[in-house]
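Colleague: Next comes query_16.txt, compact mmCIF, C-alpha atoms:
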```txt
# COMPACT_ATOMS: atom_id res chain seq x y z
CA GLY J 1 41.58 8.49 1.41
CA LYS J 2 39.13 11.37 1.61
CA GLU J 3 37.10 10.18 -1.37
CA LEU J 4 36.62 6.72 0.12
CA LYS J 5 35.29 8.31 3.33
CA LEU J 6 32.61 10.09 1.29
CA ILE J 7 31.11 6.81 0.11
CA GLU J 8 31.81 4.74 3.24
CA PRO J 9 28.15 4.87 4.41
CA MET J 10 27.07 3.31 1.10
CA LEU J 11 29.86 0.74 1.21
CA LYS J 12 28.54 -0.47 4.57
CA MET J 13 24.83 -0.18 3.67
CA ILE J 14 24.32 -3.91 3.22
CA SER J 15 20.94 -5.26 4.31
CA ASP J 16 20.76 -8.28 6.61
CA ASN J 17 17.53 -9.37 4.94
CA VAL J 18 17.92 -12.27 2.54
CA ILE J 19 16.18 -11.63 -0.78
CA ASP J 20 14.87 -14.65 -2.66
CA LEU J 21 16.04 -14.00 -6.22
CA LYS J 22 13.49 -16.50 -7.57
CA LYS J 23 10.57 -14.46 -6.26
CA LEU J 24 11.46 -10.91 -7.31
CA ASP J 25 8.50 -9.00 -8.71
CA GLU J 26 8.63 -6.67 -11.72
CA GLU J 27 8.30 -3.50 -9.63
CA PHE J 28 11.43 -4.43 -7.64
CA LEU J 29 13.42 -5.18 -10.81
CA ASP J 30 12.24 -1.96 -12.50
CA ASN J 31 13.63 0.11 -9.62
CA LEU J 32 16.79 -1.87 -8.93
CA TRP J 33 19.83 0.44 -9.00
CA TYR J 34 22.73 -1.88 -8.21
CA TYR J 35 23.35 -5.10 -6.32
CA VAL J 36 26.09 -6.38 -4.03
CA ILE J 37 27.47 -9.88 -3.58
CA LYS J 38 28.99 -10.36 -0.14
CA LEU J 39 31.59 -13.01 0.72
CA ASP J 40 32.21 -13.35 4.46
CA ASP J 41 34.46 -15.87 6.24
CA GLY J 42 33.64 -14.56 9.71
CA THR J 43 36.80 -12.42 9.84
CA ASN J 44 36.87 -10.51 6.56
CA GLN J 45 34.26 -9.34 4.09
CA MET J 46 34.62 -8.86 0.35
CA LEU J 47 31.90 -6.91 -1.44
CA PHE J 48 31.31 -7.05 -5.21
CA TYR J 49 29.25 -4.13 -6.59
CA LYS J 50 27.45 -4.24 -9.93
CA LYS J 51 25.30 -1.59 -11.60
CA TYR J 52 21.96 -3.08 -12.61
CA SER J 53 19.67 -2.29 -15.51
CA LYS J 54 16.59 -3.74 -17.17
CA GLY J 55 18.78 -5.24 -19.86
CA MET J 56 20.15 -7.71 -17.30
CA ILE J 57 16.73 -9.25 -16.63
CA LEU J 58 15.97 -12.54 -18.41
CA THR J 59 12.50 -11.90 -19.77
CA LYS J 60 9.85 -14.46 -20.56
CA GLY J 61 9.23 -15.01 -24.23
CA PHE J 62 9.43 -17.45 -27.15
CA ALA J 63 12.93 -16.49 -28.35
CA LEU J 64 14.46 -16.93 -24.92
CA ALA J 65 12.63 -20.23 -24.41
CA LEU J 66 14.45 -21.57 -27.46
CA THR J 67 17.76 -20.52 -25.95
CA PHE J 68 17.12 -22.57 -22.82
CA ARG J 69 15.37 -25.60 -24.23
CA ALA J 70 18.51 -27.75 -23.97
CA GLY J 71 19.02 -26.78 -20.34
CA SER J 72 17.19 -27.51 -17.12
CA PHE J 73 14.06 -25.68 -18.29
CA ASP J 74 12.59 -24.89 -21.68
CA LYS J 75 10.39 -21.88 -20.89
CA LEU J 76 10.62 -18.85 -18.60
CA LYS J 77 7.35 -18.36 -16.75
CA SER J 78 8.41 -15.01 -15.23
CA HIS J 79 11.21 -12.44 -15.37
CA VAL J 80 14.46 -13.70 -13.84
CA PHE J 81 17.22 -11.76 -12.09
CA ARG J 82 20.57 -12.35 -13.80
CA ILE J 83 23.92 -12.08 -11.97
CA GLU J 84 26.77 -10.80 -14.13
CA ASP J 85 30.22 -12.43 -14.05
CA LYS J 86 32.13 -9.10 -13.85
CA ALA J 87 31.97 -6.68 -10.92
CA ASP J 88 32.14 -2.89 -11.36
CA CYS J 89 34.03 -2.38 -8.12
CA ILE J 90 35.33 -4.53 -5.27
CA TYR J 91 35.61 -3.43 -1.63
CA PHE J 92 38.02 -5.32 0.64
CA LYS J 93 39.89 -4.29 3.80
CA ASP J 94 39.10 -0.56 3.39
CA LYS J 95 40.34 -0.54 -0.18
CA LEU J 96 38.20 -0.08 -3.27
CA ILE J 97 39.19 -1.55 -6.63
CA ILE J 98 37.33 0.27 -9.44
CA ARG J 99 36.95 -1.83 -12.61
CA SER J 100 34.35 0.31 -14.39
CA LYS J 101 34.73 4.04 -13.73
CA GLY J 102 31.40 4.97 -15.34
CA ASN J 103 29.34 2.42 -13.39
CA PHE J 104 31.22 3.21 -10.16
CA GLU J 105 30.21 6.86 -10.53
CA LYS J 106 26.59 5.88 -11.18
CA ILE J 107 26.42 3.46 -8.24
CA PHE J 108 27.80 5.98 -5.77
CA ASP J 109 26.25 9.01 -7.48
CA PHE J 110 29.64 10.60 -8.18
CA PHE J 111 28.27 11.78 -11.51
CA GLN J 112 26.37 14.49 -9.64
CA GLU J 113 29.73 15.90 -8.52
CA ILE J 114 31.01 15.74 -12.10
CA LYS J 115 27.93 17.65 -13.24
CA LYS J 116 28.50 20.31 -10.55
CA ASN J 117 32.09 20.77 -11.77
CA ALA J 118 30.81 21.10 -15.35
CA GLU J 119 28.39 23.80 -14.21
CA SER J 120 31.26 25.58 -12.40
CA ALA J 121 33.30 25.47 -15.63
CA ILE J 122 30.40 27.05 -17.53
CA LYS J 123 30.09 29.79 -14.89
CA PHE J 124 33.82 30.55 -15.26
CA ILE J 125 33.45 30.70 -19.07
CA GLU J 126 30.56 33.15 -18.76
CA GLU J 127 32.13 35.41 -16.12
CA LYS J 128 35.93 35.19 -16.26
CA LEU J 129 37.14 33.85 -19.60
CA PRO J 130 39.44 36.42 -21.32
CA PHE J 131 37.51 36.01 -24.61
CA LYS J 132 33.87 35.59 -25.60
CA ILE J 133 32.02 32.71 -27.23
CA GLU J 134 29.17 33.78 -29.49
CA ASN J 135 25.75 32.29 -28.71
CA PHE J 136 27.16 30.61 -25.62
CA ASP J 137 23.68 30.21 -24.08
CA THR J 138 22.79 27.84 -26.92
CA ILE J 139 26.15 26.07 -26.81
CA LYS J 140 26.09 25.50 -23.04
CA ALA J 141 22.65 23.90 -23.27
CA GLU J 142 24.08 21.51 -25.88
CA LEU J 143 27.13 20.78 -23.70
CA MET J 144 25.02 19.86 -20.67
CA LYS J 145 22.84 17.45 -22.68
CA HIS J 146 25.52 14.81 -23.25
CA GLU J 147 27.51 12.84 -20.70
CA ILE J 148 30.80 12.90 -22.64
CA LYS J 149 30.68 16.69 -22.98
CA ILE J 150 29.83 17.03 -19.27
CA ARG J 151 32.87 14.88 -18.42
CA LYS J 152 34.99 17.06 -20.70
CA LEU J 153 33.84 20.18 -18.84
CA ASN J 154 34.57 18.43 -15.54
CA ASN J 155 38.13 17.77 -16.71
CA ILE J 156 38.48 21.40 -17.84
CA TYR J 157 37.37 22.58 -14.40
CA ALA J 158 39.46 20.05 -12.42
CA THR J 159 42.71 20.85 -14.28
CA LYS J 160 42.12 24.65 -14.06
CA THR J 161 42.88 24.89 -17.78
CA LEU J 162 40.61 27.91 -18.28
CA GLU J 163 42.83 30.10 -16.09
CA LYS J 164 45.87 29.30 -18.26
CA ILE J 165 44.53 29.91 -21.79
CA ASN J 166 46.24 32.73 -23.68
CA PRO J 167 43.59 34.06 -26.12
CA ASN J 168 46.28 35.52 -28.40
CA ASN J 169 47.37 31.97 -29.28
CA ILE J 170 43.96 31.02 -30.70
CA GLU J 171 44.09 33.09 -33.91
CA PRO J 172 47.27 31.44 -35.31
CA LEU J 173 45.69 27.99 -34.80
CA ILE J 174 42.67 29.06 -36.86
CA LYS J 175 44.80 30.64 -39.60
CA GLU J 176 46.95 27.51 -39.89
CA GLY J 177 43.82 25.38 -40.27
CA ILE J 178 44.48 23.42 -37.07
CA LEU J 179 41.19 24.59 -35.54
CA LYS J 180 38.40 24.08 -38.07
CA ASN J 181 34.77 25.22 -38.30
CA ILE J 182 35.51 28.19 -36.09
CA THR J 183 35.78 31.92 -36.78
CA LEU J 184 37.33 34.73 -34.78
CA SER J 185 36.49 38.43 -34.58
CA LYS J 186 37.77 41.35 -32.50
CA ASP J 187 36.04 44.44 -31.16
CA SER J 188 37.53 47.95 -31.01
CA THR J 189 39.38 47.09 -27.80
CA GLY J 190 40.91 43.96 -29.30
CA LYS J 191 38.76 41.53 -27.29
CA ILE J 192 38.27 38.22 -29.12
CA THR J 193 34.93 36.58 -29.88
CA LEU J 194 34.85 33.00 -31.15
CA SER J 195 32.01 31.58 -33.20
CA SER J 196 31.30 27.97 -34.11
CA SER J 197 28.32 25.72 -34.72
CA ASP J 198 30.33 22.74 -33.44
CA PRO J 199 30.56 22.51 -29.61
CA TRP J 200 33.49 20.06 -29.91
CA GLU J 201 35.63 22.73 -31.60
CA ILE J 202 34.96 25.08 -28.68
CA LEU J 203 35.80 22.29 -26.22
CA LYS J 204 39.14 21.68 -27.99
CA ILE J 205 40.15 25.24 -27.12
CA LEU J 206 38.76 25.19 -23.60
CA ASP J 207 40.52 21.91 -22.78
CA ASP J 208 43.82 22.91 -24.45
CA ASP J 209 43.66 19.89 -26.75
CA ILE J 210 46.12 21.19 -29.38
CA VAL J 211 49.79 20.51 -28.58
CA LYS J 212 53.01 20.70 -30.61
CA SER J 213 55.80 18.15 -30.26
CA ARG J 214 59.13 19.76 -29.42
CA LEU J 215 60.89 16.74 -30.93
CA THR J 216 59.18 16.63 -34.32
CA GLY J 217 57.34 19.95 -34.55
CA ILE J 218 54.13 18.04 -35.38
CA ASP J 219 50.83 19.41 -34.09
CA TYR J 220 48.62 16.90 -32.26
CA GLU J 221 45.11 16.82 -30.91
CA ALA J 222 45.65 15.33 -27.45
CA THR J 223 42.64 14.78 -25.19
CA TYR J 224 44.80 13.20 -22.50
CA LYS J 225 47.81 15.14 -21.28
CA LYS J 226 50.25 14.34 -18.50
CA GLU J 227 52.13 17.42 -17.41
CA ILE J 228 55.92 16.97 -17.17
CA SER J 229 57.25 17.79 -13.72
CA ARG J 230 60.69 19.38 -13.49
```
Let me see the structure of the file written as structure tokens.
Modeller:
Amino acid sequence: GKELKLIEPMLKMISDNVIDLKKLDEEFLDNLWYYVIKLDDGTNQMLFYKKYSKGMILTKGFALALTFRAGSFDKLKSHVFRIEDKADCIYFKDKLIIRSKGNFEKIFDFFQEIKKNAESAIKFIEEKLPFKIENFDTIKAELMKHEIKIRKLNNIYATKTLEKINPNNIEPLIKEGILKNITLSKDSTGKITLSSSDPWEILKILDDDIVKSRLTGIDYEATYKKEISR
């Protein structure tokens, strides 16, 4: 669909130049982002994409020489490119199979879009949220430091949860001990201010993570929620 069109130029950006994997220099390996294995029968192509990192390079050294002494060589004279046996995503006949969401996003730079959504969520919190968060400048800096928190903010933005939060429902959750390490105060107009030293507690509220079962009455912390359609 639309998303596939966005990355189509990168899907088709396969060089015709053959690279000799036995002669790769260290500078090339240090800057390698991902690699592609192409299978082509003259009619169809299948492309296997894999995120690459320095950890995938077989490095020369005594310990590794011991590992290979029973094989076809007993010592690595230079760094060696290593091909993994699992692909992160597979492209075939205009369809993309994603096997590792995180690496797919890194290969095609989708994480930049996730970060933009996280920044949009923060802007909404600062300008439109019907309650205040004390010391939010400090908290938002903490949120944008870590990938998991950024992804959480992306989810908050994508599901439009912030527009649906009823601030009057927060106080009972604190009083019942369901939300911990968080305090609530009100000004003369009744506007709520939340305070916490734990960014995760704030994120639980912003992402509507607390749900109650209508069957058992039990309260749950649910980070994944599938809305029931009627």
Colleague: Closest to Pro130 in chain J among J:Ile182, J:Leu206, J:Leu96, J:Ile107, using only C-alpha atoms?
Modeller: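 Nearest candidate to Pro130 in chain J out of J:Ile182, J:Leu206, J:Leu96, J:Ile107: J:Leu206.
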Colleague: Please, what distance in Å, to one decimal, runs between CA of Asp40 in chain J and CA of Ile83 in chain J?
Modeller: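 Going from CA of Asp40 in chain J over to CA of Ile83 in chain J covers 18.4 Å.
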Colleague: In Å, rounded to a single decimal, give me how far CA of Gly190 in chain J is from CA of Glu142 in chain J.
Modeller: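 CA of Glu142 in chain J sits 28.3 Å away from CA of Gly190 in chain J.
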Colleague: For a test of reading the model, state the distance in Å between CA of Lys101 in chain J and CA of Tyr224 in chain J, rounded to one decimal.
Modeller: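 Separation between CA of Lys101 in chain J and CA of Tyr224 in chain J: 16.2 Å.
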Colleague: Please provide the set of residues having any atom within 8 Å of Ile156 in chain J, restricted to all atoms listed in the file, with same-chain residues fewer than 6 positions apart removed, written as a list in words.
Modeller: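 Result of the neighbour search: Ala121, Leu162, Leu206 and Asp207 of chain J.
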Colleague: Got a sec: who's within 12 Å of Glu171 in chain J, counting all atoms listed in the file, leaving out chain neighbours fewer than 2 positions off, as a list in words?
Modeller: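 Neighbouring residues, sequence-local ones excluded: Phe131, Asn166, Pro167, Asn168, Asn169, Leu173, Ile174, Lys175, Glu176, Gly177, Ile178, Leu179, Lys180, Ile182, Thr183, Leu184, Ser185, Lys186, Lys191, Ile192, Thr193, Leu194 and Ile205 of chain J.
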Colleague: Find, counting only C-alpha atoms, the residue in J:Glu119, J:Asp30, J:Asp137, J:Glu105 that gets nearest to Lys51 in chain J.
Modeller: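 So, comparing all the options, the nearest one is J:Glu105.
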Colleague: Pick the closest to Tyr52 in chain J from J:Ser196, J:Thr216, J:Thr138, J:Asn103: which is it, counting only C-alpha atoms?
Modeller: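 Using only C-alpha atoms, Tyr52 in chain J sits closest to J:Asn103.
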Colleague: Using all atoms listed in the file, which protein or nucleic acid residues come within 12 Å of Ile114 in chain J? Drop anything in the same chain fewer than 4 positions from it, and give the result as a PyMOL selection string.
Modeller: chain J and resi 102+105-106+109-110+118-121+144+147-158
Colleague: Show which residues sit within 8 Å of Glu221 in chain J, as a PDB file with C-alpha atoms, in the coordinates of the input. Count all atoms listed in the file, and ignore same-chain residues fewer than 4 positions away.
Modeller:
```
ATOM      1  CA  ASP J 209      43.660  19.890 -26.750  1.00  0.00           C
ATOM      2  CA  ILE J 210      46.120  21.190 -29.380  1.00  0.00           C
ATOM      3  CA  VAL J 211      49.790  20.510 -28.580  1.00  0.00           C
TER       4      VAL J 211
END
```
Colleague: Quick one: residues within 8 Å of Ile37 in chain J, only C-alpha atoms, excluding same-chain residues fewer than 5 positions away - as a PyMOL selection string?
Modeller: chain J and resi 47-49
Colleague: Generate the output file for the selected residues, C-alpha atoms, as a PDB file, keeping the file's coordinate frame.
Modeller:
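Produced file again.pdb, reproduced below:
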```pdb
ATOM      1  CA  LEU J  47      31.900  -6.910  -1.440  1.00  0.00           C
ATOM      2  CA  PHE J  48      31.310  -7.050  -5.210  1.00  0.00           C
ATOM      3  CA  TYR J  49      29.250  -4.130  -6.590  1.00  0.00           C
TER       4      TYR J  49
END
```
Colleague: For a quick check of understanding, using all atoms listed in the file, which of J:Tyr91, J:Phe104, J:Tyr220, J:Tyr34 has the smallest distance to Lys204 in chain J?
Modeller: J:Tyr220
Colleague: Model the absent atoms of range 96-120 of chain J so that N, CA, C and O atoms are present, and write the result as an mmCIF file, in the coordinates of the input.
Modeller:
```cif
data_model
loop_
_atom_site.group_PDB
_atom_site.id
_atom_site.type_symbol
_atom_site.label_atom_id
_atom_site.label_comp_id
_atom_site.auth_asym_id
_atom_site.auth_seq_id
_atom_site.Cartn_x
_atom_site.Cartn_y
_atom_site.Cartn_z
ATOM 1 N N LEU J 96 39.195 0.070 -2.217
ATOM 2 C CA LEU J 96 38.200 -0.080 -3.270
ATOM 3 C C LEU J 96 38.901 -0.215 -4.616
ATOM 4 O O LEU J 96 39.684 0.648 -5.011
ATOM 5 N N ILE J 97 38.644 -1.323 -5.300
ATOM 6 C CA ILE J 97 39.190 -1.550 -6.630
ATOM 7 C C ILE J 97 38.086 -1.193 -7.628
ATOM 8 O O ILE J 97 37.020 -1.815 -7.631
ATOM 9 N N ILE J 98 38.335 -0.186 -8.473
ATOM 10 C CA ILE J 98 37.330 0.270 -9.440
ATOM 11 C C ILE J 98 37.660 -0.343 -10.799
ATOM 12 O O ILE J 98 38.720 -0.087 -11.366
ATOM 13 N N ARG J 99 36.730 -1.148 -11.323
ATOM 14 C CA ARG J 99 36.950 -1.830 -12.610
ATOM 15 C C ARG J 99 36.155 -1.173 -13.733
ATOM 16 O O ARG J 99 36.469 -1.355 -14.896
ATOM 17 N N SER J 100 35.112 -0.440 -13.401
ATOM 18 C CA SER J 100 34.350 0.310 -14.390
ATOM 19 C C SER J 100 34.073 1.693 -13.818
ATOM 20 O O SER J 100 33.221 1.850 -12.942
ATOM 21 N N LYS J 101 34.836 2.681 -14.287
ATOM 22 C CA LYS J 101 34.730 4.040 -13.730
ATOM 23 C C LYS J 101 33.317 4.596 -13.883
ATOM 24 O O LYS J 101 32.753 5.169 -12.945
ATOM 25 N N GLY J 102 32.732 4.419 -15.087
ATOM 26 C CA GLY J 102 31.400 4.970 -15.340
ATOM 27 C C GLY J 102 30.354 4.386 -14.409
ATOM 28 O O GLY J 102 29.565 5.116 -13.809
ATOM 29 N N ASN J 103 30.338 3.057 -14.261
ATOM 30 C CA ASN J 103 29.340 2.420 -13.390
ATOM 31 C C ASN J 103 29.607 2.720 -11.926
ATOM 32 O O ASN J 103 28.664 2.851 -11.139
ATOM 33 N N PHE J 104 30.891 2.830 -11.538
ATOM 34 C CA PHE J 104 31.220 3.210 -10.160
ATOM 35 C C PHE J 104 30.608 4.567 -9.836
ATOM 36 O O PHE J 104 29.993 4.756 -8.780
ATOM 37 N N GLU J 105 30.754 5.516 -10.756
ATOM 38 C CA GLU J 105 30.210 6.860 -10.530
ATOM 39 C C GLU J 105 28.691 6.825 -10.428
ATOM 40 O O GLU J 105 28.097 7.573 -9.644
ATOM 41 N N LYS J 106 28.055 5.962 -11.223
ATOM 42 C CA LYS J 106 26.590 5.880 -11.180
ATOM 43 C C LYS J 106 26.118 5.202 -9.897
ATOM 44 O O LYS J 106 25.125 5.624 -9.294
ATOM 45 N N ILE J 107 26.813 4.159 -9.471
ATOM 46 C CA ILE J 107 26.420 3.460 -8.240
ATOM 47 C C ILE J 107 26.488 4.408 -7.043
ATOM 48 O O ILE J 107 25.572 4.484 -6.235
ATOM 49 N N PHE J 108 27.594 5.129 -6.940
ATOM 50 C CA PHE J 108 27.800 5.980 -5.770
ATOM 51 C C PHE J 108 27.444 7.443 -6.023
ATOM 52 O O PHE J 108 27.783 8.317 -5.242
ATOM 53 N N ASP J 109 26.778 7.689 -7.148
ATOM 54 C CA ASP J 109 26.250 9.010 -7.480
ATOM 55 C C ASP J 109 27.348 10.060 -7.610
ATOM 56 O O ASP J 109 27.115 11.242 -7.370
ATOM 57 N N PHE J 110 28.550 9.645 -7.982
ATOM 58 C CA PHE J 110 29.640 10.600 -8.180
ATOM 59 C C PHE J 110 29.386 11.471 -9.395
ATOM 60 O O PHE J 110 29.974 12.531 -9.533
ATOM 61 N N PHE J 111 28.527 10.994 -10.305
ATOM 62 C CA PHE J 111 28.270 11.780 -11.510
ATOM 63 C C PHE J 111 27.654 13.126 -11.180
ATOM 64 O O PHE J 111 27.833 14.102 -11.917
ATOM 65 N N GLN J 112 26.939 13.195 -10.056
ATOM 66 C CA GLN J 112 26.370 14.490 -9.640
ATOM 67 C C GLN J 112 27.485 15.499 -9.358
ATOM 68 O O GLN J 112 27.354 16.686 -9.656
ATOM 69 N N GLU J 113 28.597 15.011 -8.766
ATOM 70 C CA GLU J 113 29.730 15.900 -8.520
ATOM 71 C C GLU J 113 30.372 16.336 -9.836
ATOM 72 O O GLU J 113 30.794 17.480 -9.992
ATOM 73 N N ILE J 114 30.460 15.420 -10.776
ATOM 74 C CA ILE J 114 31.010 15.740 -12.100
ATOM 75 C C ILE J 114 30.154 16.815 -12.763
ATOM 76 O O ILE J 114 30.671 17.756 -13.367
ATOM 77 N N LYS J 115 28.841 16.671 -12.642
ATOM 78 C CA LYS J 115 27.930 17.650 -13.240
ATOM 79 C C LYS J 115 28.096 19.020 -12.575
ATOM 80 O O LYS J 115 28.067 20.058 -13.256
ATOM 81 N N LYS J 116 28.286 19.037 -11.261
ATOM 82 C CA LYS J 116 28.500 20.310 -10.550
ATOM 83 C C LYS J 116 29.770 20.994 -11.050
ATOM 84 O O LYS J 116 29.813 22.208 -11.226
ATOM 85 N N ASN J 117 30.830 20.206 -11.250
ATOM 86 C CA ASN J 117 32.090 20.770 -11.770
ATOM 87 C C ASN J 117 31.884 21.321 -13.175
ATOM 88 O O ASN J 117 32.448 22.366 -13.521
ATOM 89 N N ALA J 118 31.099 20.620 -13.990
ATOM 90 C CA ALA J 118 30.810 21.100 -15.350
ATOM 91 C C ALA J 118 30.072 22.435 -15.290
ATOM 92 O O ALA J 118 30.364 23.357 -16.060
ATOM 93 N N GLU J 119 29.133 22.546 -14.371
ATOM 94 C CA GLU J 119 28.390 23.800 -14.210
ATOM 95 C C GLU J 119 29.305 24.928 -13.723
ATOM 96 O O GLU J 119 29.154 26.086 -14.140
ATOM 97 N N SER J 120 30.283 24.583 -12.867
ATOM 98 C CA SER J 120 31.260 25.580 -12.400
ATOM 99 C C SER J 120 32.141 26.044 -13.559
ATOM 100 O O SER J 120 32.499 27.227 -13.647
#
```
